[in-house]
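Text of the file run15.txt, holding compact mmCIF, C-alpha atoms:
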# COMPACT_ATOMS: atom_id res chain seq x y z
CA MET L 1 2.58 21.32 23.87
CA ASP L 2 -0.22 23.80 24.31
CA THR L 3 -2.76 21.96 26.43
CA LYS L 4 -4.64 25.13 27.37
CA ALA L 5 -5.84 25.92 23.87
CA ASP L 6 -9.65 25.96 23.86
CA PRO L 7 -10.75 25.50 20.24
CA ASP L 8 -14.33 26.54 21.05
CA THR L 9 -13.28 30.13 21.73
CA PHE L 10 -11.51 30.89 18.42
CA SER L 11 -11.00 29.68 14.88
CA LYS L 12 -8.00 27.51 14.06
CA THR L 13 -6.31 30.21 12.02
CA SER L 14 -6.87 32.99 14.56
CA TYR L 15 -5.01 31.01 17.23
CA TYR L 16 -2.66 28.49 15.66
CA MET L 17 -1.04 30.70 13.02
CA PRO L 18 0.03 33.55 15.36
CA LYS L 19 0.99 31.07 18.11
CA THR L 20 3.14 29.11 15.65
CA GLN L 21 4.88 32.25 14.43
CA MET L 22 5.48 33.37 18.03
CA LEU L 23 7.09 30.02 18.88
CA LEU L 24 9.30 30.12 15.78
CA ASP L 25 10.31 33.73 16.52
CA PHE L 26 11.23 32.63 20.05
CA GLY L 27 13.65 30.07 18.62
CA VAL L 28 11.69 26.81 18.53
CA GLU L 29 13.14 24.63 15.75
CA GLN L 30 9.91 22.91 14.70
CA VAL L 31 6.23 23.26 15.57
CA LEU L 32 3.69 20.48 15.06
CA TRP L 33 -0.05 20.82 15.54
CA LEU L 34 -2.11 17.63 15.54
CA TYR L 35 -5.70 18.23 14.49
CA THR L 36 -7.76 15.30 15.74
CA ASP L 37 -11.02 16.35 14.08
CA THR L 38 -9.51 16.24 10.57
CA GLU L 39 -6.60 13.86 11.25
CA LYS L 40 -4.11 16.37 9.89
CA VAL L 41 -0.68 17.56 11.05
CA MET L 42 0.61 21.09 10.54
CA VAL L 43 4.41 21.30 10.41
CA ALA L 44 6.27 24.60 10.65
CA GLN L 45 9.98 25.39 10.71
CA PRO L 46 11.75 28.77 10.63
CA ASN L 47 12.34 30.26 7.17
CA GLN L 48 10.53 27.41 5.41
CA PRO L 49 7.02 27.00 4.02
CA TRP L 50 4.57 25.54 6.51
CA TRP L 51 2.71 22.44 5.36
CA ILE L 52 -0.28 20.36 6.34
CA VAL L 53 -0.41 16.60 5.77
CA ASN L 54 -2.64 13.67 6.66
CA TRP L 55 -1.84 11.45 9.64
CA THR L 56 -0.89 8.77 7.11
CA ASN L 57 1.94 10.89 5.64
CA GLU L 58 5.45 10.49 6.98
CA ILE L 59 6.90 13.45 8.90
CA GLU L 60 10.34 13.97 10.38
CA VAL L 61 11.01 15.28 13.88
CA LEU L 62 14.52 15.46 15.34
CA GLY L 63 15.79 13.19 12.59
CA GLN L 64 13.15 10.51 13.21
CA LYS L 65 10.62 9.68 10.48
CA PHE L 66 7.18 8.37 11.37
CA THR L 67 3.45 8.71 10.77
CA ILE L 68 0.98 9.79 13.42
CA GLN L 69 -1.29 6.94 12.32
CA GLN L 70 1.43 4.37 13.10
CA ILE L 71 2.11 5.90 16.53
CA ILE L 72 -1.59 5.62 17.35
CA ARG L 73 -1.73 2.01 16.13
CA ASP L 74 1.37 1.10 18.17
CA ALA L 75 -0.09 2.71 21.29
CA GLU L 76 -3.40 0.88 20.84
CA SER L 77 -1.68 -2.47 20.42
CA GLU L 78 0.28 -1.94 23.65
CA SER L 79 -2.85 -1.38 25.73

Write out the structure in this file as C-alpha cells.
Amino acid sequence: MDTKADPDTFSKTSYYMPKTQMLLDFGVEQVLWLYTDTEKVMVAQPNQPWWIVNWTNEIEVLGQKFTIQQIIRDAESES
C-alpha cells in the first residue's frame, strides 16, 4: 500500500504506471490501485494485460473473489 502518494503533484499515469511496473519487476504477484474519485480498480499481474474495472465488478486476489463495493457496504454495516 502506497500511502505516501500525493495525487496533487502528478498525473495518475505519470505515477501509477511506472510504480506498478517497478513493483511487478521487483516480484510482487499482483498490484491493485483503488481510485476513489472514479470508483475504479486497476489490476496488474506480471506478463498479463493490466485492466481497469468498476468497483461493482468482481476481482480475484489470492484466490478470493469479491467486489470493492461489497467490502465497503460490509464495512459500513459493521459500524

When you count only C-alpha atoms, which of these residues is closest to Val61 in chain L: L:Ala75, L:Met17, L:Val43, L:Met22?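 Using only C-alpha atoms, Val61 in chain L sits closest to L:Val43.
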
Using only C-alpha atoms, find the one residue out of L:Asp74, L:Leu62, L:Tyr16, L:Pro49 that sits nearest to Gln30 in chain L.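 Residue with the minimum atom-to-atom distance to Gln30 in chain L: L:Leu62.
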
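Closest approach to Gln69 in chain L among L:Thr20, L:Ser14, L:Gln48, L:Thr36 is made by L:Thr36 (distances from all atoms listed in the file).
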
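Checking L:Lys40, L:Pro46, L:Ile71, L:Leu34 one by one against Gln21 in chain L, counting all atoms listed in the file, you find the shortest gap at L:Pro46.
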
Please, what distance in Å, to one decimal, runs between CA of Lys19 in chain L and CA of Glu39 in chain L? 20.0 Å

Nearest to Asn57 in chain L: which of L:Gln70, L:Glu76, L:Asp37, L:Pro18 is it, counting all atoms listed in the file?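 Closest to Asn57 in chain L, using all atoms listed in the file: L:Gln70.
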
CA of Gln64 in chain L and CA of Ser79 in chain L are how many Å apart?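 The value is 23.5 Å.
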
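Interatomic distance, CA of Tyr15 in chain L to CA of Gly27 in chain L: 18.7 Å.
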
For Thr67 in chain L, which residue out of L:Val28, L:Val41, L:Ile52, L:Leu23 is the nearest one, using only C-alpha atoms?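 Comparing L:Val28, L:Val41, L:Ile52, L:Leu23 against Thr67 in chain L, the winner is L:Val41.
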